[in-house]
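Have a look at the structure below, then the notes.
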Amino acid sequence: MNTKSVLFLTLILFALTSCTVKNENRFYKNNPQPLLQNAYIKLPLGAVKPEGWLKRQLEIQAKGLTGHLDDFWPDLVNSAWRGGDGEAWERGPYYLDGLVPLAYLLDDEKLIAKAKGWIEKIIASSNDSGWYGPAKNKDRWPLAVAGKVLMQYYEATSDKRALDVLLKYFRYLHDTPPDWPDKEWRGVRAMENAVTGYWLYRQTGEKWIPETIESIQKNSSDWTSYYENFPWDSAAWSEKRIPLNWGPEGLTAHVVNNAMAIKYPGLWYQQSGHERYRKAVFDGIRKYDVNHGQAGGRFSGDEHLSGKSPDRGTELCAVVEYMFSLGELYQVFGDNSLADRLEMLAYNALPGTTTADMWAHQYDQQSNQVLVSVAKRDWSTNRDQSNIYGLMPNFACCLANMHQGWPKFVQNLWMATNDNGLAAVAYGPSVVKAKTGRKGKVVTIIEDTGYPFRGDIRFVINAENKVRFPLHLRIPGWAESCTLICKEKTININNPGGTYTLNEKWNPGDEILLRIPMNVRTERRYNNSMSVLRGPLYFALRIEKEYKSVRLNYDNFGYLGSNDWEIYPRSDWNYALFADPENPGKSFEVTENTVSAFPFSDAGDMIWSADSSKYILFTGEPAVVIKTHAVKLPGWGMLNNSASPPPLSPVTSYDQPESIILVPYGSARLRITEFPFVEMKIMESF
């Protein structure tokens, strides 16, 4: 064979093989073999920063409980994780899992110093065996949380000591017998370690790390089979077969365990490559919705899974853990329905279960929440204090764990792509700085938007020189038609749930405008009730309210803005919407207001003023309000201190319609979100 023939065959072989080579980001680490390549790559902590109203929200968090909790809560003040003689289990790591990212996202030197004080003690605790943390803790579960803390700290600081602690601990797990019993938290939550484990493998390439994760997967709770044969469906709830205990079966019905576990088959999919595990994730999400779904993308659990009625509660821990699971799953699968749900949780359920100043939180939130008080309710296993806004209603886990919600959401706004580009995953005012293109040029993209209160999103691209890279824009599944204006071209996008990619050579200062229509729409819920949505926001009835401070002997320490609140209604709430389900747009009048200093507040809220050291009454308006009409239903009343389930719709009423105001769910401490409704055509027939 002559030289020309050899060259020709070589070129053909190269062409054929290059067609099968996957795109691979040159600057951010995706999974090395033998793991499957993930759809997207999480950027390191600090690459994405909040701006605008979202930055203000994180600043509120820093000025509220997160920034002060370890100054006065005994479980953190005396925590064994920071060298004290107190609590040595999960509360210290839970707190740091939110404090560390919050500190570095805000570049807050005081919070960074506070976080480092904890981190130094944790790093110093690592011993020759690989175990670390308080000497009196012998349980692996809190180390699964601490691992995520050290992972984030390393990304923010490049402190190799944190990486060394994690490597030693995973080597310990590799070399010691499995200890993941189904009757213990460390067993049902064992695959939480895989979050850190796969990250560690991407950093180091150590071949024994996937072996460690495989051992955990095979010797801990089988959540994949659980989702395939989901035992706690609506029939199990109605027939009272859901085990309300803390044994192996009861732990599978525990709402937080479910919120964590939904990602476990997806994490293992990276290593197994078997379609069974992908299917289990999406089947599980669907089964949660069908059997226990609640407004705002969450599912019920007060403390165990508890059905679809809007008087059911959802624990705050479950909200933030579900958000974290969705972010991890999006990285693996890149399915935009996951990002849609992540936005809904972040913009509804998360702010709806804290006060606007983030000095108090609920343990259980309700879709139809017309009274917040210490009283007996139809919770599955929770106690009477569970739905007050306070410091430590019910168990203290949420007080420790609530802090991760907003910071980790910000981190998931943007991800790197395998084609050396960037993807806008969830929308919110932010700035991302990352390496892009073939040569890794650093690009900064400013996302200027009032989303989710507004539909216009403006991206400004800044770089030293021209640079070509792909920009992937998620199109929400609820957006029927979007408009994109780029380089003097107007593009109509009719692809709900899809992704639109711009692969351009960008000049410094180039702007892109994405216009997402914010049309009012409705969805049917429990007893054929109606919920009102605009964009990713649910809307709830504005109920006039009165805050009453209560003292609970076991939890109110009276530090700065820390308080326990009961909230009482001072206006009627038993309304049925007067609407046309087939044409909701004509039934609702939307008003956009300036986003206030407290983005998820409403008139009548109590706000802590650090300047005056007292609570003041907020008199402003939410960023969006909707005016509509409704009729009162005198027969719809209270049941066991909650609004009784809404009557089956459509309902009949002879009362005259009156105007009501709807506000964003996240701004409504008291609310009706699932309304009975009277069809206009029924009313017109009388």
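Chain labels follow the order of the structure tokens: the first chain is A, the next B, and so on; residue numbering restarts at 1 in every chain, and ligands are counted from 1 in their shown order.
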
Write out as a short mmCIF file (atom, residue, chain, number, x, y, z; two decimals) with all heavy atoms, in the first residue's frame each polymer residue whose atoms come within 10 Å of Trp81 in chain A, counting only C-alpha atoms; drop sequence neighbours fewer than 6 positions from it.
data_model
loop_
_atom_site.label_atom_id
_atom_site.label_comp_id
_atom_site.auth_asym_id
_atom_site.auth_seq_id
_atom_site.Cartn_x
_atom_site.Cartn_y
_atom_site.Cartn_z
N GLU A 87 -23.89 19.48 71.36
CA GLU A 87 -24.43 18.61 70.32
C GLU A 87 -23.35 18.20 69.33
O GLU A 87 -22.58 19.03 68.85
CB GLU A 87 -25.57 19.33 69.59
CG GLU A 87 -26.55 18.41 68.89
CD GLU A 87 -26.20 18.16 67.44
OE1 GLU A 87 -25.31 18.85 66.89
OE2 GLU A 87 -26.84 17.27 66.83
N ALA A 88 -23.30 16.89 69.02
CA ALA A 88 -22.20 16.36 68.21
C ALA A 88 -22.69 15.63 66.97
O ALA A 88 -21.90 14.97 66.30
CB ALA A 88 -21.34 15.40 69.06
N TRP A 89 -23.99 15.78 66.65
CA TRP A 89 -24.54 14.98 65.56
C TRP A 89 -24.70 15.85 64.31
O TRP A 89 -23.73 16.36 63.78
CB TRP A 89 -25.86 14.34 66.02
CG TRP A 89 -26.33 13.21 65.16
CD1 TRP A 89 -25.59 12.17 64.68
CD2 TRP A 89 -27.66 13.02 64.66
NE1 TRP A 89 -26.39 11.33 63.92
CE2 TRP A 89 -27.66 11.82 63.89
CE3 TRP A 89 -28.85 13.71 64.80
CZ2 TRP A 89 -28.81 11.34 63.26
CZ3 TRP A 89 -30.00 13.22 64.19
CH2 TRP A 89 -29.97 12.04 63.42
N GLU A 90 -25.92 16.12 63.84
CA GLU A 90 -26.12 16.71 62.51
C GLU A 90 -26.24 18.22 62.48
O GLU A 90 -26.12 18.82 61.41
CB GLU A 90 -27.37 16.10 61.87
CG GLU A 90 -28.67 16.47 62.58
CD GLU A 90 -29.91 15.87 61.94
OE1 GLU A 90 -29.78 15.01 61.04
OE2 GLU A 90 -31.02 16.23 62.37
N ARG A 91 -26.50 18.86 63.62
CA ARG A 91 -26.91 20.26 63.56
C ARG A 91 -25.79 21.20 63.13
O ARG A 91 -26.02 22.16 62.39
CB ARG A 91 -27.53 20.68 64.90
CG ARG A 91 -28.85 19.96 65.12
CD ARG A 91 -29.52 20.21 66.43
NE ARG A 91 -30.70 19.33 66.54
CZ ARG A 91 -31.46 19.23 67.61
NH1 ARG A 91 -31.19 19.96 68.68
NH2 ARG A 91 -32.50 18.41 67.62
N GLY A 92 -24.57 20.95 63.58
CA GLY A 92 -23.45 21.76 63.13
C GLY A 92 -23.23 21.65 61.62
O GLY A 92 -23.18 22.67 60.91
N PRO A 93 -23.09 20.44 61.07
CA PRO A 93 -22.92 20.31 59.62
C PRO A 93 -24.10 20.86 58.82
O PRO A 93 -23.90 21.49 57.78
CB PRO A 93 -22.77 18.80 59.43
CG PRO A 93 -22.22 18.31 60.72
CD PRO A 93 -22.85 19.17 61.78
N TRP A 118 -15.40 27.33 62.22
CA TRP A 118 -15.90 25.96 62.26
C TRP A 118 -15.01 25.02 61.44
O TRP A 118 -14.65 23.93 61.89
CB TRP A 118 -17.31 25.91 61.68
CG TRP A 118 -18.41 26.49 62.50
CD1 TRP A 118 -18.75 27.81 62.62
CD2 TRP A 118 -19.34 25.76 63.30
NE1 TRP A 118 -19.85 27.94 63.44
CE2 TRP A 118 -20.24 26.71 63.87
CE3 TRP A 118 -19.52 24.41 63.59
CZ2 TRP A 118 -21.28 26.34 64.71
CZ3 TRP A 118 -20.58 24.03 64.42
CH2 TRP A 118 -21.44 24.99 64.98
N ILE A 119 -14.67 25.45 60.23
CA ILE A 119 -13.93 24.59 59.30
C ILE A 119 -12.58 24.19 59.88
O ILE A 119 -12.15 23.03 59.74
CB ILE A 119 -13.76 25.28 57.94
CG1 ILE A 119 -15.13 25.51 57.27
CG2 ILE A 119 -12.84 24.49 57.04
CD1 ILE A 119 -15.84 24.25 56.86
N GLU A 120 -11.91 25.12 60.51
CA GLU A 120 -10.59 24.81 61.07
C GLU A 120 -10.69 23.68 62.11
O GLU A 120 -9.84 22.78 62.15
CB GLU A 120 -9.97 26.05 61.71
CG GLU A 120 -9.52 27.10 60.71
CD GLU A 120 -8.39 26.60 59.81
OE1 GLU A 120 -7.59 25.73 60.24
OE2 GLU A 120 -8.30 27.07 58.65
N LYS A 121 -11.71 23.71 62.93
CA LYS A 121 -11.91 22.65 63.93
C LYS A 121 -12.19 21.32 63.25
O LYS A 121 -11.71 20.26 63.68
CB LYS A 121 -13.05 23.02 64.88
CG LYS A 121 -12.79 24.23 65.76
CD LYS A 121 -11.72 23.93 66.80
CE LYS A 121 -11.56 25.09 67.76
NZ LYS A 121 -10.50 24.84 68.78
N ILE A 122 -12.98 21.34 62.19
CA ILE A 122 -13.33 20.10 61.50
C ILE A 122 -12.10 19.50 60.83
O ILE A 122 -11.84 18.29 60.93
CB ILE A 122 -14.45 20.36 60.47
CG1 ILE A 122 -15.74 20.72 61.20
CG2 ILE A 122 -14.66 19.15 59.59
CD1 ILE A 122 -16.86 21.16 60.28
N SER A 125 -9.79 17.84 63.21
CA SER A 125 -10.31 16.64 63.87
C SER A 125 -10.01 15.36 63.11
O SER A 125 -10.18 14.26 63.64
CB SER A 125 -11.82 16.77 64.05
OG SER A 125 -12.50 16.66 62.81
N TYR A 132 -13.39 11.70 61.12
CA TYR A 132 -13.22 13.08 61.56
C TYR A 132 -14.49 13.55 62.24
O TYR A 132 -15.51 12.86 62.26
CB TYR A 132 -12.84 14.00 60.40
CG TYR A 132 -13.91 14.21 59.35
CD1 TYR A 132 -14.70 15.36 59.37
CD2 TYR A 132 -14.13 13.29 58.33
CE1 TYR A 132 -15.67 15.58 58.41
CE2 TYR A 132 -15.09 13.49 57.36
CZ TYR A 132 -15.86 14.65 57.41
OH TYR A 132 -16.83 14.86 56.45
N GLY A 133 -14.44 14.75 62.79
CA GLY A 133 -15.57 15.30 63.52
C GLY A 133 -15.43 15.07 65.01
O GLY A 133 -14.39 14.61 65.50
N PRO A 134 -16.48 15.38 65.78
CA PRO A 134 -16.41 15.24 67.24
C PRO A 134 -16.08 13.81 67.65
O PRO A 134 -16.61 12.84 67.09
CB PRO A 134 -17.82 15.62 67.70
CG PRO A 134 -18.37 16.47 66.60
CD PRO A 134 -17.78 15.94 65.35
N ALA A 135 -15.25 13.67 68.66
CA ALA A 135 -14.82 12.34 69.11
C ALA A 135 -16.00 11.51 69.60
O ALA A 135 -16.01 10.28 69.45
CB ALA A 135 -13.77 12.48 70.21
N ASN A 137 -19.00 11.43 68.46
CA ASN A 137 -19.91 10.98 67.41
C ASN A 137 -19.36 9.72 66.75
O ASN A 137 -18.24 9.71 66.24
CB ASN A 137 -20.10 12.05 66.33
CG ASN A 137 -20.89 11.52 65.15
OD1 ASN A 137 -22.00 11.03 65.30
ND2 ASN A 137 -20.30 11.58 63.97
N ALA A 146 -21.31 16.80 56.49
CA ALA A 146 -20.04 17.53 56.62
C ALA A 146 -19.21 17.40 55.35
O ALA A 146 -18.47 18.33 54.99
CB ALA A 146 -19.25 16.99 57.82
#

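For range 38-115 of chain A, backbone-based DSSP assignment of strand (DSSP E or B) covers Tyr40, Ile41, Lys42, Val48, Lys49 and Pro50 of chain A.
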
Handout entry: Non-local contacts of Gly509 in chain A (12 Å; only C-alpha atoms; under 3 positions in same chain excluded) as a ChimeraX atom specification
Key = /A:443-446,458-467,487,506,512

Go ahead and save the picked residues with N, CA, C and O atoms, as a short mmCIF file (atom, residue, chain, number, x, y, z; two decimals), in the first residue's frame.
data_model
loop_
_atom_site.label_atom_id
_atom_site.label_comp_id
_atom_site.auth_asym_id
_atom_site.auth_seq_id
_atom_site.Cartn_x
_atom_site.Cartn_y
_atom_site.Cartn_z
N VAL A 443 -15.31 34.70 30.52
CA VAL A 443 -16.46 35.50 30.13
C VAL A 443 -17.29 35.81 31.37
O VAL A 443 -17.43 34.95 32.25
N THR A 444 -17.81 37.00 31.44
CA THR A 444 -18.75 37.37 32.48
C THR A 444 -20.09 37.68 31.83
O THR A 444 -20.14 38.47 30.88
N ILE A 445 -21.14 37.04 32.32
CA ILE A 445 -22.49 37.31 31.81
C ILE A 445 -23.32 37.87 32.96
O ILE A 445 -23.46 37.23 34.01
N ILE A 446 -23.84 39.06 32.75
CA ILE A 446 -24.73 39.67 33.72
C ILE A 446 -26.16 39.35 33.30
O ILE A 446 -26.56 39.62 32.17
N ARG A 458 -32.49 40.07 30.47
CA ARG A 458 -31.46 40.66 29.61
C ARG A 458 -30.10 40.12 30.02
O ARG A 458 -29.72 40.19 31.19
N PHE A 459 -29.38 39.57 29.07
CA PHE A 459 -28.04 39.05 29.30
C PHE A 459 -27.03 39.99 28.65
O PHE A 459 -27.17 40.33 27.47
N VAL A 460 -26.03 40.40 29.40
CA VAL A 460 -24.95 41.24 28.88
C VAL A 460 -23.65 40.45 28.97
O VAL A 460 -23.27 39.99 30.05
N ILE A 461 -23.01 40.27 27.82
CA ILE A 461 -21.80 39.45 27.75
C ILE A 461 -20.57 40.35 27.75
O ILE A 461 -20.44 41.25 26.91
N ASN A 462 -19.67 40.09 28.69
CA ASN A 462 -18.45 40.87 28.81
C ASN A 462 -17.24 39.96 28.74
O ASN A 462 -17.19 38.92 29.41
N ALA A 463 -16.27 40.31 27.90
CA ALA A 463 -15.00 39.61 27.79
C ALA A 463 -13.97 40.60 27.27
O ALA A 463 -14.33 41.66 26.75
N GLU A 464 -12.71 40.26 27.41
CA GLU A 464 -11.66 41.18 26.95
C GLU A 464 -11.68 41.32 25.44
O GLU A 464 -11.42 42.40 24.90
N ASN A 465 -11.95 40.23 24.73
CA ASN A 465 -11.96 40.24 23.28
C ASN A 465 -13.16 39.45 22.78
O ASN A 465 -13.93 38.90 23.56
N LYS A 466 -13.29 39.38 21.47
CA LYS A 466 -14.33 38.54 20.89
C LYS A 466 -14.10 37.09 21.30
O LYS A 466 -12.96 36.63 21.41
N VAL A 467 -15.19 36.38 21.50
CA VAL A 467 -15.07 34.98 21.88
C VAL A 467 -16.30 34.23 21.37
O VAL A 467 -17.43 34.72 21.47
N LYS A 487 -28.42 40.23 18.40
CA LYS A 487 -27.69 40.73 17.23
C LYS A 487 -28.66 41.23 16.15
O LYS A 487 -28.57 40.86 14.97
N TRP A 506 -19.17 36.27 20.17
CA TRP A 506 -19.70 37.37 20.96
C TRP A 506 -18.69 38.50 21.07
O TRP A 506 -17.50 38.28 21.33
N ILE A 512 -28.43 40.18 24.89
CA ILE A 512 -29.48 39.25 24.46
C ILE A 512 -30.70 39.54 25.33
O ILE A 512 -30.58 39.66 26.55
#

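Of the listed residues (A:Trp414, A:Trp359, A:Phe395, A:Trp573), A:Trp414 comes nearest to Pro44 in chain A; the distances count only C-alpha atoms.
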
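Every protein or nucleic acid residue with an atom no more than 8 Å from Gly52 in chain A, counting only C-alpha atoms and leaving out same-chain residues fewer than 6 positions away, appears here: Pro429, Ser430, Asp448, Thr449 and Gly450 of chain A.
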
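One distance worth recording is that between CA of Ala424 in chain A and CA of Glu275 in chain A, which is 26.4 Å.
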
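If you look at CA of Asp564 in chain A and CA of Asn387 in chain A, they are 10.6 Å away from each other.
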
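Separating CA of Ser531 in chain A from CA of Glu674 in chain A is a distance of 5.0 Å.
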
Practice task
Just the residues within 9 Å of range 184-191 of chain A, please, counting only C-alpha atoms, with nothing from its chain fewer than 6 positions along; format it as a PyMOL selection string.
Solution key: chain A and resi 139-142+144+213+216-217+219-223+246-248+251-252+257+260-261+263-264+267-268

Can those selected residues be exported to a file as an mmCIF file, in the first residue's frame so that it contains N, CA and C atoms?
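Now in result-v8.cif:
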data_model
loop_
_atom_site.group_PDB
_atom_site.id
_atom_site.type_symbol
_atom_site.label_atom_id
_atom_site.label_comp_id
_atom_site.auth_asym_id
_atom_site.auth_seq_id
_atom_site.Cartn_x
_atom_site.Cartn_y
_atom_site.Cartn_z
ATOM 1 N N ASP A 139 -21.469 8.002 64.505
ATOM 2 C CA ASP A 139 -22.456 7.772 63.445
ATOM 3 C C ASP A 139 -21.953 8.373 62.132
ATOM 4 N N ARG A 140 -22.113 7.642 61.043
ATOM 5 C CA ARG A 140 -21.655 8.125 59.739
ATOM 6 C C ARG A 140 -22.560 9.196 59.136
ATOM 7 N N TRP A 141 -23.832 9.283 59.571
ATOM 8 C CA TRP A 141 -24.748 10.197 58.910
ATOM 9 C C TRP A 141 -24.270 11.647 58.921
ATOM 10 N N PRO A 142 -23.914 12.247 60.065
ATOM 11 C CA PRO A 142 -23.525 13.663 60.000
ATOM 12 C C PRO A 142 -22.283 13.914 59.157
ATOM 13 N N ALA A 144 -21.807 12.586 56.288
ATOM 14 C CA ALA A 144 -22.290 12.747 54.916
ATOM 15 C C ALA A 144 -22.621 14.209 54.634
ATOM 16 N N ILE A 213 -18.492 3.885 46.448
ATOM 17 C CA ILE A 213 -19.888 4.246 46.208
ATOM 18 C C ILE A 213 -20.703 3.011 45.843
ATOM 19 N N ILE A 216 -21.666 1.281 48.973
ATOM 20 C CA ILE A 216 -22.755 1.978 49.664
ATOM 21 C C ILE A 216 -24.082 1.670 48.983
ATOM 22 N N GLN A 217 -24.110 1.758 47.662
ATOM 23 C CA GLN A 217 -25.339 1.504 46.912
ATOM 24 C C GLN A 217 -25.879 0.097 47.169
ATOM 25 N N ASN A 219 -25.358 -1.876 49.745
ATOM 26 C CA ASN A 219 -25.539 -2.270 51.137
ATOM 27 C C ASN A 219 -26.401 -1.293 51.940
ATOM 28 N N SER A 220 -27.180 -0.459 51.240
ATOM 29 C CA SER A 220 -28.050 0.491 51.929
ATOM 30 C C SER A 220 -29.459 0.377 51.358
ATOM 31 N N SER A 221 -30.359 1.217 51.826
ATOM 32 C CA SER A 221 -31.772 1.141 51.453
ATOM 33 C C SER A 221 -31.952 1.175 49.936
ATOM 34 N N ASP A 222 -32.846 0.330 49.447
ATOM 35 C CA ASP A 222 -33.082 0.188 48.011
ATOM 36 C C ASP A 222 -34.185 1.150 47.574
ATOM 37 N N TRP A 223 -33.817 2.384 47.326
ATOM 38 C CA TRP A 223 -34.796 3.395 46.941
ATOM 39 C C TRP A 223 -35.274 3.207 45.506
ATOM 40 N N TRP A 246 -40.806 5.260 63.403
ATOM 41 C CA TRP A 246 -39.408 5.543 63.055
ATOM 42 C C TRP A 246 -38.627 4.251 62.829
ATOM 43 N N GLY A 247 -39.359 3.188 62.523
ATOM 44 C CA GLY A 247 -38.718 1.936 62.148
ATOM 45 C C GLY A 247 -38.357 1.938 60.674
ATOM 46 N N PRO A 248 -37.831 0.825 60.156
ATOM 47 C CA PRO A 248 -37.397 0.770 58.757
ATOM 48 C C PRO A 248 -38.486 1.154 57.760
ATOM 49 N N LEU A 251 -39.464 4.990 58.153
ATOM 50 C CA LEU A 251 -38.448 5.887 57.618
ATOM 51 C C LEU A 251 -38.571 6.049 56.107
ATOM 52 N N THR A 252 -39.144 5.056 55.419
ATOM 53 C CA THR A 252 -39.344 5.217 53.974
ATOM 54 C C THR A 252 -40.515 6.135 53.666
ATOM 55 N N ASN A 257 -36.618 12.115 54.114
ATOM 56 C CA ASN A 257 -35.924 11.000 53.475
ATOM 57 C C ASN A 257 -36.325 10.880 52.011
ATOM 58 N N MET A 260 -34.685 13.644 49.905
ATOM 59 C CA MET A 260 -33.282 13.331 49.650
ATOM 60 C C MET A 260 -33.147 12.178 48.655
ATOM 61 N N ALA A 261 -33.958 11.152 48.858
ATOM 62 C CA ALA A 261 -33.750 9.890 48.148
ATOM 63 C C ALA A 261 -34.107 9.964 46.681
ATOM 64 N N LYS A 263 -32.987 11.657 44.462
ATOM 65 C CA LYS A 263 -31.787 11.773 43.625
ATOM 66 C C LYS A 263 -30.916 10.526 43.638
ATOM 67 N N TYR A 264 -31.144 9.593 44.560
ATOM 68 C CA TYR A 264 -30.215 8.482 44.716
ATOM 69 C C TYR A 264 -30.152 7.568 43.491
ATOM 70 N N LEU A 267 -28.093 9.508 40.982
ATOM 71 C CA LEU A 267 -26.656 9.511 41.263
ATOM 72 C C LEU A 267 -26.021 8.197 40.818
ATOM 73 N N TRP A 268 -26.672 7.101 41.147
ATOM 74 C CA TRP A 268 -26.126 5.788 40.797
ATOM 75 C C TRP A 268 -26.147 5.551 39.284
#

Practice task
Considering only C-alpha atoms, state which residue in the set A:Ala426, A:Leu484, A:Ala295, A:Ala576 is at the smallest distance from Val48 in chain A.
Solution key: A:Ala426

Handout entry: Residue with smallest distance to Met530 in chain A - pool A:Ala579, A:Ala434, A:Leu350, A:Ile660, counting only C-alpha atoms
Key = A:Ala579

Handout entry: Near-Ser481 in chain A list (8 Å; only C-alpha atoms; drop same-chain fewer than 2 positions) as number ranges by chain
Key = A: 479, 483, 492-496, 516-517

Take the residues just selected and output them with N, CA and C atoms as a PDB file, in the first residue's frame.
ATOM      1  N   ALA A 479     -44.150  28.010  29.320  1.00  0.00           N
ATOM      2  CA  ALA A 479     -44.060  29.176  28.430  1.00  0.00           C
ATOM      3  C   ALA A 479     -44.452  28.778  27.013  1.00  0.00           C
ATOM      4  N   THR A 483     -39.827  35.134  22.984  1.00  0.00           N
ATOM      5  CA  THR A 483     -39.181  35.943  21.958  1.00  0.00           C
ATOM      6  C   THR A 483     -37.739  36.186  22.372  1.00  0.00           C
ATOM      7  N   ASN A 492     -38.677  33.913  17.258  1.00  0.00           N
ATOM      8  CA  ASN A 492     -39.815  33.391  18.009  1.00  0.00           C
ATOM      9  C   ASN A 492     -39.543  31.934  18.363  1.00  0.00           C
ATOM     10  N   ILE A 493     -39.663  31.616  19.641  1.00  0.00           N
ATOM     11  CA  ILE A 493     -39.370  30.265  20.121  1.00  0.00           C
ATOM     12  C   ILE A 493     -40.662  29.638  20.631  1.00  0.00           C
ATOM     13  N   ASN A 494     -41.111  28.603  19.962  1.00  0.00           N
ATOM     14  CA  ASN A 494     -42.317  27.880  20.375  1.00  0.00           C
ATOM     15  C   ASN A 494     -41.931  26.453  20.737  1.00  0.00           C
ATOM     16  N   ASN A 495     -41.227  26.340  21.858  1.00  0.00           N
ATOM     17  CA  ASN A 495     -40.699  25.034  22.271  1.00  0.00           C
ATOM     18  C   ASN A 495     -40.735  24.920  23.788  1.00  0.00           C
ATOM     19  N   PRO A 496     -41.950  24.885  24.387  1.00  0.00           N
ATOM     20  CA  PRO A 496     -42.026  24.793  25.854  1.00  0.00           C
ATOM     21  C   PRO A 496     -41.277  23.574  26.382  1.00  0.00           C
ATOM     22  N   ILE A 516     -40.094  36.103  28.164  1.00  0.00           N
ATOM     23  CA  ILE A 516     -40.923  34.949  28.494  1.00  0.00           C
ATOM     24  C   ILE A 516     -42.307  35.471  28.861  1.00  0.00           C
ATOM     25  N   PRO A 517     -43.346  35.046  28.153  1.00  0.00           N
ATOM     26  CA  PRO A 517     -44.684  35.569  28.464  1.00  0.00           C
ATOM     27  C   PRO A 517     -45.153  35.135  29.844  1.00  0.00           C
TER      28      PRO A 517
END

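For range 436-439 of chain A, the residues within 6 Å (counting only C-alpha atoms, excluding itself and residues fewer than 4 positions away along the chain) are Asn420, Gly421, Arg468 and Phe469 of chain A.
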
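Shortest atom-to-atom contact with Leu305 in chain A among A:Ala349, A:Val255, A:Phe72, A:Ser325: A:Val255, counting only C-alpha atoms.
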
Which residues of range 179-213 of chain A have any atom within 8 Å of an atom in range 167-174 of chain A when counting only C-alpha atoms, and what is the closest pair of atoms for each, with the distance in Å to one decimal? Order the rows by chain and rising number and write it as CSV.
residue,atom,partner,partner_atom,distance
A:Gly197,CA,A:Phe170,CA,7.5
A:Leu200,CA,A:Leu167,CA,7.5
A:Trp208,CA,A:His174,CA,7.4
A:Ile209,CA,A:Phe170,CA,7.0
A:Glu211,CA,A:His174,CA,7.3
A:Thr212,CA,A:His174,CA,4.9

Go ahead and save the residues from that selection, with all heavy atoms, as a JSON list (two decimals), in the first residue's frame.
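Saved result, again-v1.json, follows:
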[["chain", "number", "residue", "atom", "x", "y", "z"],
["A", 197, "GLY", "N", -18.78, 11.87, 46.93],
["A", 197, "GLY", "CA", -17.91, 10.84, 46.35],
["A", 197, "GLY", "C", -17.66, 11.05, 44.87],
["A", 197, "GLY", "O", -16.51, 10.99, 44.41],
["A", 200, "LEU", "N", -15.52, 14.02, 44.37],
["A", 200, "LEU", "CA", -14.15, 13.71, 44.74],
["A", 200, "LEU", "C", -13.45, 12.92, 43.63],
["A", 200, "LEU", "O", -12.27, 13.15, 43.33],
["A", 200, "LEU", "CB", -14.15, 12.91, 46.04],
["A", 200, "LEU", "CG", -12.86, 12.79, 46.84],
["A", 200, "LEU", "CD1", -12.36, 14.16, 47.26],
["A", 200, "LEU", "CD2", -13.09, 11.91, 48.07],
["A", 208, "TRP", "N", -10.49, 3.82, 43.35],
["A", 208, "TRP", "CA", -11.20, 3.13, 44.43],
["A", 208, "TRP", "C", -12.44, 3.89, 44.91],
["A", 208, "TRP", "O", -13.27, 3.34, 45.64],
["A", 208, "TRP", "CB", -10.27, 2.88, 45.62],
["A", 208, "TRP", "CG", -9.52, 4.10, 46.09],
["A", 208, "TRP", "CD1", -8.27, 4.50, 45.70],
["A", 208, "TRP", "CD2", -9.99, 5.09, 47.01],
["A", 208, "TRP", "NE1", -7.93, 5.67, 46.32],
["A", 208, "TRP", "CE2", -8.97, 6.06, 47.14],
["A", 208, "TRP", "CE3", -11.16, 5.25, 47.73],
["A", 208, "TRP", "CZ2", -9.09, 7.17, 47.96],
["A", 208, "TRP", "CZ3", -11.30, 6.36, 48.56],
["A", 208, "TRP", "CH2", -10.26, 7.30, 48.66],
["A", 209, "ILE", "N", -12.61, 5.15, 44.50],
["A", 209, "ILE", "CA", -13.77, 5.92, 44.95],
["A", 209, "ILE", "C", -15.07, 5.34, 44.38],
["A", 209, "ILE", "O", -16.04, 5.14, 45.14],
["A", 209, "ILE", "CB", -13.61, 7.41, 44.62],
["A", 209, "ILE", "CG1", -12.43, 7.99, 45.42],
["A", 209, "ILE", "CG2", -14.89, 8.18, 44.93],
["A", 209, "ILE", "CD1", -12.11, 9.44, 45.11],
["A", 211, "GLU", "N", -15.61, 2.34, 43.66],
["A", 211, "GLU", "CA", -15.79, 1.09, 44.40],
["A", 211, "GLU", "C", -16.47, 1.36, 45.74],
["A", 211, "GLU", "O", -17.34, 0.59, 46.19],
["A", 211, "GLU", "CB", -14.44, 0.41, 44.64],
["A", 211, "GLU", "CG", -13.72, -0.05, 43.38],
["A", 211, "GLU", "CD", -12.33, -0.58, 43.68],
["A", 211, "GLU", "OE1", -11.96, -0.63, 44.88],
["A", 211, "GLU", "OE2", -11.60, -0.92, 42.73],
["A", 212, "THR", "N", -16.08, 2.45, 46.39],
["A", 212, "THR", "CA", -16.68, 2.82, 47.67],
["A", 212, "THR", "C", -18.17, 3.12, 47.49],
["A", 212, "THR", "O", -19.01, 2.66, 48.28],
["A", 212, "THR", "CB", -15.97, 4.06, 48.25],
["A", 212, "THR", "OG1", -14.56, 3.83, 48.30],
["A", 212, "THR", "CG2", -16.49, 4.39, 49.63]]

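Counting only C-alpha atoms and comparing A:Tyr322, A:Tyr104, A:Tyr288, A:Tyr363, the residue that lies closest to Pro407 in chain A is A:Tyr104.
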
Handout entry: Which of A:Pro265, A:Tyr427, A:Gly558, A:Gln271 sits closest to Ser225 in chain A [using only C-alpha atoms]
Key = A:Pro265
